[in-house]
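S.K.: Provided herewith: work_1.pdb, PDB, C-alpha atoms, pLDDT in the B column.
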ATOM      1  CA  MET A   1      -9.299  -4.072 -17.066  1.00 72.00           C
ATOM      2  CA  LEU A   2      -7.639  -5.374 -20.193  1.00 68.00           C
ATOM      3  CA  LYS A   3     -10.418  -3.819 -22.309  1.00 74.00           C
ATOM      4  CA  ALA A   4     -10.260  -0.406 -20.636  1.00 75.00           C
ATOM      5  CA  ARG A   5      -9.830   2.385 -23.193  1.00 80.00           C
ATOM      6  CA  GLY A   6      -8.557   5.195 -21.014  1.00 84.00           C
ATOM      7  CA  GLU A   7      -4.996   6.055 -20.048  1.00 92.00           C
ATOM      8  CA  ILE A   8      -5.783   5.534 -16.343  1.00 93.00           C
ATOM      9  CA  ILE A   9      -7.741   2.612 -14.901  1.00 92.00           C
ATOM     10  CA  ALA A  10      -9.450   3.377 -11.581  1.00 93.00           C
ATOM     11  CA  SER A  11     -10.777   0.386  -9.679  1.00 91.00           C
ATOM     12  CA  THR A  12     -12.824  -0.242  -6.565  1.00 90.00           C
ATOM     13  CA  ASP A  13     -14.977  -3.098  -5.277  1.00 87.00           C
ATOM     14  CA  ALA A  14     -18.698  -3.462  -5.954  1.00 87.00           C
ATOM     15  CA  ASP A  15     -19.463  -2.923  -2.259  1.00 87.00           C
ATOM     16  CA  SER A  16     -17.218   0.150  -1.956  1.00 89.00           C
ATOM     17  CA  ILE A  17     -18.172   3.826  -1.948  1.00 91.00           C
ATOM     18  CA  PRO A  18     -15.436   6.217  -3.144  1.00 94.00           C
ATOM     19  CA  GLN A  19     -15.139   9.717  -1.650  1.00 93.00           C
ATOM     20  CA  LYS A  20     -16.959  12.407  -3.646  1.00 94.00           C
ATOM     21  CA  ASN A  21     -13.799  13.727  -5.339  1.00 95.00           C
ATOM     22  CA  TRP A  22     -12.213  10.280  -5.843  1.00 96.00           C
ATOM     23  CA  LEU A  23     -11.679  10.534  -9.616  1.00 95.00           C
ATOM     24  CA  GLU A  24     -10.501  14.141  -9.390  1.00 96.00           C
ATOM     25  CA  THR A  25      -7.988  13.122  -6.712  1.00 96.00           C
ATOM     26  CA  ILE A  26      -6.698  10.308  -8.925  1.00 96.00           C
ATOM     27  CA  GLU A  27      -6.356  12.709 -11.849  1.00 96.00           C
ATOM     28  CA  LYS A  28      -4.488  15.232  -9.666  1.00 97.00           C
ATOM     29  CA  LEU A  29      -2.102  12.581  -8.283  1.00 96.00           C
ATOM     30  CA  PHE A  30      -1.336  11.264 -11.769  1.00 97.00           C
ATOM     31  CA  LYS A  31      -0.068  14.697 -12.853  1.00 96.00           C
ATOM     32  CA  ASN A  32       3.169  13.246 -11.495  1.00 95.00           C
ATOM     33  CA  LYS A  33       4.173  11.376 -14.664  1.00 95.00           C
ATOM     34  CA  LYS A  34       6.529   9.065 -12.723  1.00 94.00           C
ATOM     35  CA  LEU A  35       3.598   7.720 -10.696  1.00 95.00           C
ATOM     36  CA  LEU A  36       2.151   4.564 -12.255  1.00 96.00           C
ATOM     37  CA  TYR A  37       0.066   2.868  -9.553  1.00 95.00           C
ATOM     38  CA  LEU A  38      -1.622   4.279  -6.479  1.00 94.00           C
ATOM     39  CA  GLY A  39      -4.076   3.474  -3.763  1.00 92.00           C
ATOM     40  CA  GLY A  40      -5.199   4.779  -0.452  1.00 91.00           C
ATOM     41  CA  THR A  41      -7.124   4.592   2.774  1.00 88.00           C
ATOM     42  CA  ILE A  42     -10.052   2.225   3.171  1.00 87.00           C
ATOM     43  CA  LEU A  43     -12.631   2.516   5.923  1.00 85.00           C
ATOM     44  CA  SER A  44     -15.732   0.544   6.800  1.00 84.00           C
ATOM     45  CA  THR A  45     -19.207   1.636   5.766  1.00 85.00           C
ATOM     46  CA  GLU A  46     -20.190   0.801   9.349  1.00 82.00           C
ATOM     47  CA  ASN A  47     -18.942   3.322  11.890  1.00 77.00           C
ATOM     48  CA  THR A  48     -18.102   0.922  14.708  1.00 77.00           C
ATOM     49  CA  MET A  49     -14.708   0.249  16.211  1.00 74.00           C
ATOM     50  CA  TYR A  50     -15.101  -3.472  15.491  1.00 73.00           C
ATOM     51  CA  SER A  51     -15.855  -3.007  11.789  1.00 75.00           C
ATOM     52  CA  ASN A  52     -13.111  -0.390  11.309  1.00 76.00           C
ATOM     53  CA  LEU A  53     -10.414  -2.206  13.304  1.00 76.00           C
ATOM     54  CA  PRO A  54      -8.780  -4.079  10.387  1.00 76.00           C
ATOM     55  CA  PHE A  55      -8.718  -0.885   8.329  1.00 78.00           C
ATOM     56  CA  VAL A  56      -7.424   1.263  11.190  1.00 77.00           C
ATOM     57  CA  VAL A  57      -4.617  -1.252  11.783  1.00 78.00           C
ATOM     58  CA  TYR A  58      -3.754  -1.519   8.089  1.00 79.00           C
ATOM     59  CA  ASP A  59      -3.573   2.205   7.309  1.00 81.00           C
ATOM     60  CA  PRO A  60      -0.603   3.068   9.599  1.00 81.00           C
ATOM     61  CA  PHE A  61       1.090  -0.162   8.475  1.00 80.00           C
ATOM     62  CA  ALA A  62       0.764   0.932   4.837  1.00 81.00           C
ATOM     63  CA  ARG A  63       1.933   4.474   5.600  1.00 80.00           C
ATOM     64  CA  VAL A  64       5.041   3.274   7.455  1.00 80.00           C
ATOM     65  CA  ASN A  65       5.889   0.986   4.566  1.00 79.00           C
ATOM     66  CA  GLN A  66       5.410   3.906   2.158  1.00 79.00           C
ATOM     67  CA  LEU A  67       8.107   5.799   4.087  1.00 79.00           C
ATOM     68  CA  PHE A  68      10.489   2.949   3.251  1.00 77.00           C
ATOM     69  CA  GLY A  69       9.526   2.974  -0.416  1.00 77.00           C
ATOM     70  CA  ILE A  70       7.243  -0.038  -0.163  1.00 76.00           C
ATOM     71  CA  SER A  71       3.706   0.741  -1.279  1.00 79.00           C
ATOM     72  CA  LEU A  72       1.161  -1.892  -0.364  1.00 80.00           C
ATOM     73  CA  VAL A  73      -1.834  -0.780  -2.360  1.00 85.00           C
ATOM     74  CA  TRP A  74      -5.082  -2.456  -1.344  1.00 82.00           C
ATOM     75  CA  GLY A  75      -7.493  -3.612  -4.087  1.00 83.00           C
ATOM     76  CA  PRO A  76     -10.695  -1.704  -3.248  1.00 86.00           C
ATOM     77  CA  ASN A  77      -8.984   1.656  -3.797  1.00 91.00           C
ATOM     78  CA  THR A  78      -6.590   1.686  -6.736  1.00 93.00           C
ATOM     79  CA  ALA A  79      -5.691   3.408  -9.974  1.00 94.00           C
ATOM     80  CA  VAL A  80      -3.037   2.448 -12.501  1.00 95.00           C
ATOM     81  CA  ARG A  81      -1.738   3.753 -15.804  1.00 96.00           C
ATOM     82  CA  LYS A  82      -2.933   1.295 -18.434  1.00 95.00           C
ATOM     83  CA  ASP A  83       0.423   1.105 -20.228  1.00 94.00           C
ATOM     84  CA  ALA A  84       2.184   0.098 -16.971  1.00 95.00           C
ATOM     85  CA  PHE A  85      -0.599  -2.402 -16.230  1.00 94.00           C
ATOM     86  CA  MET A  86      -0.065  -4.027 -19.628  1.00 93.00           C
ATOM     87  CA  LYS A  87       3.752  -3.977 -19.435  1.00 95.00           C
ATOM     88  CA  VAL A  88       3.778  -6.060 -16.244  1.00 94.00           C
ATOM     89  CA  GLY A  89       1.037  -8.405 -17.445  1.00 92.00           C
ATOM     90  CA  GLY A  90      -1.824  -7.166 -15.244  1.00 90.00           C
ATOM     91  CA  PHE A  91      -2.927  -8.893 -12.070  1.00 88.00           C
ATOM     92  CA  ASP A  92      -1.925 -12.507 -11.514  1.00 86.00           C
ATOM     93  CA  THR A  93      -5.283 -14.259 -11.884  1.00 84.00           C
ATOM     94  CA  ASN A  94      -3.812 -17.477 -10.482  1.00 86.00           C
ATOM     95  CA  LEU A  95      -3.566 -15.914  -7.023  1.00 80.00           C
ATOM     96  CA  ARG A  96      -6.612 -16.360  -4.777  1.00 78.00           C
ATOM     97  CA  THR A  97      -5.632 -13.391  -2.612  1.00 77.00           C
ATOM     98  CA  GLY A  98      -2.858 -10.822  -2.381  1.00 78.00           C
ATOM     99  CA  ASP A  99      -2.867 -10.095  -6.109  1.00 82.00           C
ATOM    100  CA  ASP A 100      -2.980  -6.363  -5.359  1.00 84.00           C
ATOM    101  CA  TRP A 101       0.212  -6.482  -3.251  1.00 82.00           C
ATOM    102  CA  GLU A 102       1.930  -8.827  -5.690  1.00 86.00           C
ATOM    103  CA  PHE A 103       1.037  -6.465  -8.543  1.00 89.00           C
ATOM    104  CA  THR A 104       2.446  -3.509  -6.590  1.00 88.00           C
ATOM    105  CA  LEU A 105       5.745  -5.317  -6.122  1.00 86.00           C
ATOM    106  CA  ARG A 106       5.982  -6.168  -9.839  1.00 90.00           C
ATOM    107  CA  ILE A 107       5.326  -2.532 -10.780  1.00 92.00           C
ATOM    108  CA  GLN A 108       8.055  -1.424  -8.349  1.00 89.00           C
ATOM    109  CA  LYS A 109      10.485  -4.039  -9.612  1.00 89.00           C
ATOM    110  CA  LYS A 110      10.029  -2.971 -13.230  1.00 93.00           C
ATOM    111  CA  PHE A 111       9.681   0.807 -12.799  1.00 94.00           C
ATOM    112  CA  GLY A 112      11.274   1.599  -9.420  1.00 90.00           C
ATOM    113  CA  ILE A 113       9.984   2.114  -5.902  1.00 85.00           C
ATOM    114  CA  ARG A 114       8.779   5.677  -6.562  1.00 87.00           C
ATOM    115  CA  SER A 115       6.391   4.464  -9.287  1.00 92.00           C
ATOM    116  CA  THR A 116       3.774   3.500  -6.672  1.00 91.00           C
ATOM    117  CA  LEU A 117       2.061   5.422  -3.913  1.00 90.00           C
ATOM    118  CA  TYR A 118      -0.160   4.718  -0.909  1.00 89.00           C
ATOM    119  CA  THR A 119      -1.861   7.931   0.210  1.00 90.00           C
ATOM    120  CA  ASN A 120      -4.603   8.995   2.584  1.00 88.00           C
ATOM    121  CA  ALA A 121      -5.696  11.603   0.022  1.00 92.00           C
ATOM    122  CA  LEU A 122      -7.570   8.792  -1.725  1.00 93.00           C
ATOM    123  CA  ARG A 123     -10.367   7.219   0.362  1.00 92.00           C
ATOM    124  CA  VAL A 124     -13.140   4.686  -0.044  1.00 92.00           C
ATOM    125  CA  LYS A 125     -15.550   3.034   2.358  1.00 90.00           C
ATOM    126  CA  THR A 126     -16.305  -0.645   1.983  1.00 86.00           C
ATOM    127  CA  SER A 127     -18.198  -3.439   3.700  1.00 81.00           C
ATOM    128  CA  PRO A 128     -16.520  -4.755   6.844  1.00 70.00           C
ATOM    129  CA  PRO A 129     -14.460  -7.872   6.143  1.00 62.00           C
ATOM    130  CA  PHE A 130     -16.070  -9.973   8.871  1.00 52.00           C
ATOM    131  CA  GLY A 131     -19.769  -9.483   8.251  1.00 46.00           C
ATOM    132  CA  LEU A 132     -21.539 -11.165  11.148  1.00 38.00           C
ATOM    133  CA  LEU A 133     -18.611 -13.291  12.321  1.00 42.00           C
ATOM    134  CA  SER A 134     -17.814 -13.277  15.985  1.00 37.00           C
ATOM    135  CA  LEU A 135     -15.592 -10.737  17.714  1.00 40.00           C
ATOM    136  CA  ARG A 136     -13.290 -13.643  18.574  1.00 38.00           C
ATOM    137  CA  VAL A 137     -12.539 -14.275  14.891  1.00 45.00           C
ATOM    138  CA  GLY A 138     -12.000 -10.524  14.438  1.00 46.00           C
ATOM    139  CA  SER A 139      -9.567 -10.492  17.356  1.00 45.00           C
ATOM    140  CA  ILE A 140      -7.607 -13.386  15.874  1.00 47.00           C
ATOM    141  CA  PHE A 141      -7.442 -11.599  12.511  1.00 51.00           C
ATOM    142  CA  THR A 142      -6.316  -8.374  14.146  1.00 50.00           C
ATOM    143  CA  GLY A 143      -3.650 -10.250  16.106  1.00 50.00           C
ATOM    144  CA  VAL A 144      -2.329 -11.798  12.897  1.00 53.00           C
ATOM    145  CA  VAL A 145      -2.310  -8.390  11.161  1.00 55.00           C
ATOM    146  CA  VAL A 146      -0.464  -6.774  14.068  1.00 51.00           C
ATOM    147  CA  ALA A 147       2.102  -9.606  14.169  1.00 50.00           C
ATOM    148  CA  PHE A 148       2.592  -9.388  10.401  1.00 56.00           C
ATOM    149  CA  THR A 149       2.942  -5.604  10.648  1.00 54.00           C
ATOM    150  CA  PHE A 150       5.640  -5.930  13.306  1.00 51.00           C
ATOM    151  CA  VAL A 151       7.633  -8.503  11.328  1.00 53.00           C
ATOM    152  CA  PHE A 152       7.271  -6.606   8.056  1.00 57.00           C
ATOM    153  CA  ALA A 153       8.084  -3.233   9.617  1.00 54.00           C
ATOM    154  CA  SER A 154      11.193  -4.744  11.227  1.00 54.00           C
ATOM    155  CA  ALA A 155      12.306  -6.020   7.828  1.00 56.00           C
ATOM    156  CA  CYS A 156      11.668  -2.566   6.327  1.00 56.00           C
ATOM    157  CA  VAL A 157      13.748  -0.839   9.001  1.00 54.00           C
ATOM    158  CA  GLU A 158      16.584  -3.272   8.381  1.00 57.00           C
ATOM    159  CA  LYS A 159      16.312  -2.691   4.621  1.00 59.00           C
ATOM    160  CA  LEU A 160      16.360   1.085   5.113  1.00 56.00           C
ATOM    161  CA  ALA A 161      19.326   0.870   7.445  1.00 55.00           C
ATOM    162  CA  LEU A 162      21.290  -1.123   4.882  1.00 56.00           C
ATOM    163  CA  ARG A 163      20.382   1.414   2.176  1.00 55.00           C
ATOM    164  CA  ILE A 164      21.562   4.266   4.386  1.00 54.00           C
ATOM    165  CA  LYS A 165      24.762   2.436   5.286  1.00 55.00           C
ATOM    166  CA  THR A 166      25.483   1.728   1.633  1.00 54.00           C
ATOM    167  CA  ALA A 167      24.493   5.193   0.377  1.00 51.00           C
ATOM    168  CA  VAL A 168      26.244   7.336   2.976  1.00 52.00           C
ATOM    169  CA  SER A 169      29.957   7.665   2.594  1.00 49.00           C
ATOM    170  CA  THR A 170      31.127  10.138   5.200  1.00 48.00           C
ATOM    171  CA  LYS A 171      33.928  10.890   7.622  1.00 50.00           C
ATOM    172  CA  ASN A 172      31.438  12.301  10.139  1.00 49.00           C
ATOM    173  CA  VAL A 173      31.732  10.097  13.238  1.00 49.00           C
ATOM    174  CA  ALA A 174      28.253  11.025  14.496  1.00 49.00           C
ATOM    175  CA  VAL A 175      26.633   9.913  11.220  1.00 49.00           C
ATOM    176  CA  LYS A 176      28.579   6.643  11.226  1.00 48.00           C
ATOM    177  CA  PHE A 177      27.579   6.061  14.868  1.00 48.00           C
ATOM    178  CA  PHE A 178      23.891   6.669  14.026  1.00 47.00           C
ATOM    179  CA  ILE A 179      24.048   4.311  11.057  1.00 45.00           C
ATOM    180  CA  THR A 180      25.754   1.632  13.147  1.00 46.00           C
ATOM    181  CA  ILE A 181      23.020   1.881  15.787  1.00 46.00           C
ATOM    182  CA  LEU A 182      20.313   1.783  13.124  1.00 43.00           C
ATOM    183  CA  VAL A 183      21.775  -1.284  11.428  1.00 43.00           C
ATOM    184  CA  SER A 184      22.597  -3.214  14.594  1.00 43.00           C
ATOM    185  CA  GLY A 185      19.385  -2.280  16.420  1.00 43.00           C
ATOM    186  CA  ASN A 186      21.336  -1.396  19.587  1.00 41.00           C
TER
END
Could the structure of this file be written out as structure tokens, please?

M.R.:
Amino acid sequence: MLKARGEIIASTDADSIPQKNWLETIEKLFKNKKLLYLGGTILSTENTMYSNLPFVVYDPFARVNQLFGISLVWGPNTAVRKDAFMKVGGFDTNLRTGDDWEFTLRIQKKFGIRSTLYTNALRVKTSPPFGLLSLRVGSIFTGVVVAFTFVFASACVEKLALRIKTAVSTKNVAVKFFITILVSGN
């Protein structure tokens, strides 16, 4: 990626198949000059519930986080402006996994939360993550993903509530009541 010559670097995995208009979609999305890094939906090349389960669980998780300004772009379906990539030092090659999420967070920290986007307008299909492993292992993985999603989503809701509470200065009792409920969770 460091040797890429274009303004935009689009990246997918060797075992992934982008949608037919993948590059055109990336080009269209990057017409928004404030957007620096984006990614989107990933599905399995195998059309079975078992092989799609991790992807089906992840997609709503990523979309909910996007609503709270937290894009969690997944590696097999990404595009980034080269200048932003270089300014944050590229991917952390010392990480064995999660470098895509870590990179997203560094982009957001340097350029703001609206500089990244997770969207279902951008799609790829990739090999299922489990190959021929047993359904039991898949169930354990899915359970971990669901638990992580719940914990992370809860943290996002709390973060949003604090942003709303801080940002809204009003004498409207109904708004203050709503914010209090949102922050306290009651």

S.K.: If you apply the PyMOL selection byres ((chain A and resi 77) around 9) to this file, what residues do you get, as a ChimeraX atom specification?

M.R.: /A:10-13,16,18,38-42,73-76,78-79,122-124

S.K.: I'd like to see the residues matched by the PyMOL selection byres ((chain A and resi 117) around 8) on this file, and ideally I'd get them as a list in words.

M.R.: Leu35, Tyr37, Leu38, Gly39, Gln66, Ser71, Val73, Arg114, Ser115, Thr116, Tyr118 and Thr119 of chain A

S.K.: When you draw a straight line from CA of Phe30 (chain A) to CA of Ile113 (chain A), how long is it in Å?

M.R.: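 Interatomic distance, CA of Phe30 (chain A) to CA of Ile113 (chain A): 15.7 Å.
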
S.K.: Could you check how far CA of Trp22 (chain A) sits from CA of Lys87 (chain A), in Å to one decimal?

M.R.: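 That distance, rounded to one decimal, is 25.4 Å.
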
S.K.: Which one of A:Thr97, A:Thr48, A:Asn120, A:Ser127 sits closest to Thr25 (chain A) if you count all atoms listed in the file?

M.R.: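 Selected residue with least distance to Thr25 (chain A): A:Asn120.
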
S.K.: Would you mind reading off the distance between CA of Glu7 (chain A) and CA of Lys82 (chain A), one decimal, in Å?

M.R.: 5.4 Å

S.K.: Can you translate the PyMOL selection byres ((chain A and resi 58) around 9) into the concrete residues it hits in this file, as a list in words?

M.R.: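 Taken over the shown coordinates, the PyMOL selection byres ((chain A and resi 58) around 9) returns Thr41, Ile42, Leu53, Pro54, Phe55, Val56, Val57, Asp59, Pro60, Phe61, Ala62, Arg63, Val145, Val146 and Thr149 of chain A.
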
S.K.: Kindly save the residues from that selection, with C-alpha atoms included, as a PDB file, in the coordinates of the input.

M.R.:
ATOM      1  CA  THR A  41      -7.124   4.592   2.774  1.00 88.00           C
ATOM      2  CA  ILE A  42     -10.052   2.225   3.171  1.00 87.00           C
ATOM      3  CA  LEU A  53     -10.414  -2.206  13.304  1.00 76.00           C
ATOM      4  CA  PRO A  54      -8.780  -4.079  10.387  1.00 76.00           C
ATOM      5  CA  PHE A  55      -8.718  -0.885   8.329  1.00 78.00           C
ATOM      6  CA  VAL A  56      -7.424   1.263  11.190  1.00 77.00           C
ATOM      7  CA  VAL A  57      -4.617  -1.252  11.783  1.00 78.00           C
ATOM      8  CA  ASP A  59      -3.573   2.205   7.309  1.00 81.00           C
ATOM      9  CA  PRO A  60      -0.603   3.068   9.599  1.00 81.00           C
ATOM     10  CA  PHE A  61       1.090  -0.162   8.475  1.00 80.00           C
ATOM     11  CA  ALA A  62       0.764   0.932   4.837  1.00 81.00           C
ATOM     12  CA  ARG A  63       1.933   4.474   5.600  1.00 80.00           C
ATOM     13  CA  VAL A 145      -2.310  -8.390  11.161  1.00 55.00           C
ATOM     14  CA  VAL A 146      -0.464  -6.774  14.068  1.00 51.00           C
ATOM     15  CA  THR A 149       2.942  -5.604  10.648  1.00 54.00           C
TER      16      THR A 149
END

S.K.: For Trp101 (chain A), list every protein, DNA or RNA residue within 6 Å, evaluated using all atoms listed in the file, and leave out those in the same chain fewer than 3 positions away; present the list as a ChimeraX atom specification.

M.R.: /A:72,98,104

S.K.: Have a look at A:Phe68, A:Met86, A:Ser51, A:Glu24 and name the one nearest to Arg106 (chain A); count all atoms listed in the file.

M.R.: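 Smallest distance to Arg106 (chain A) is found for A:Met86.
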
S.K.: Could you check the closest approach to Ile8 (chain A) for each of A:Leu23, A:Asp99, A:Leu67, A:Thr45 and tell me which residue wins, using all atoms listed in the file?

M.R.: A:Leu23
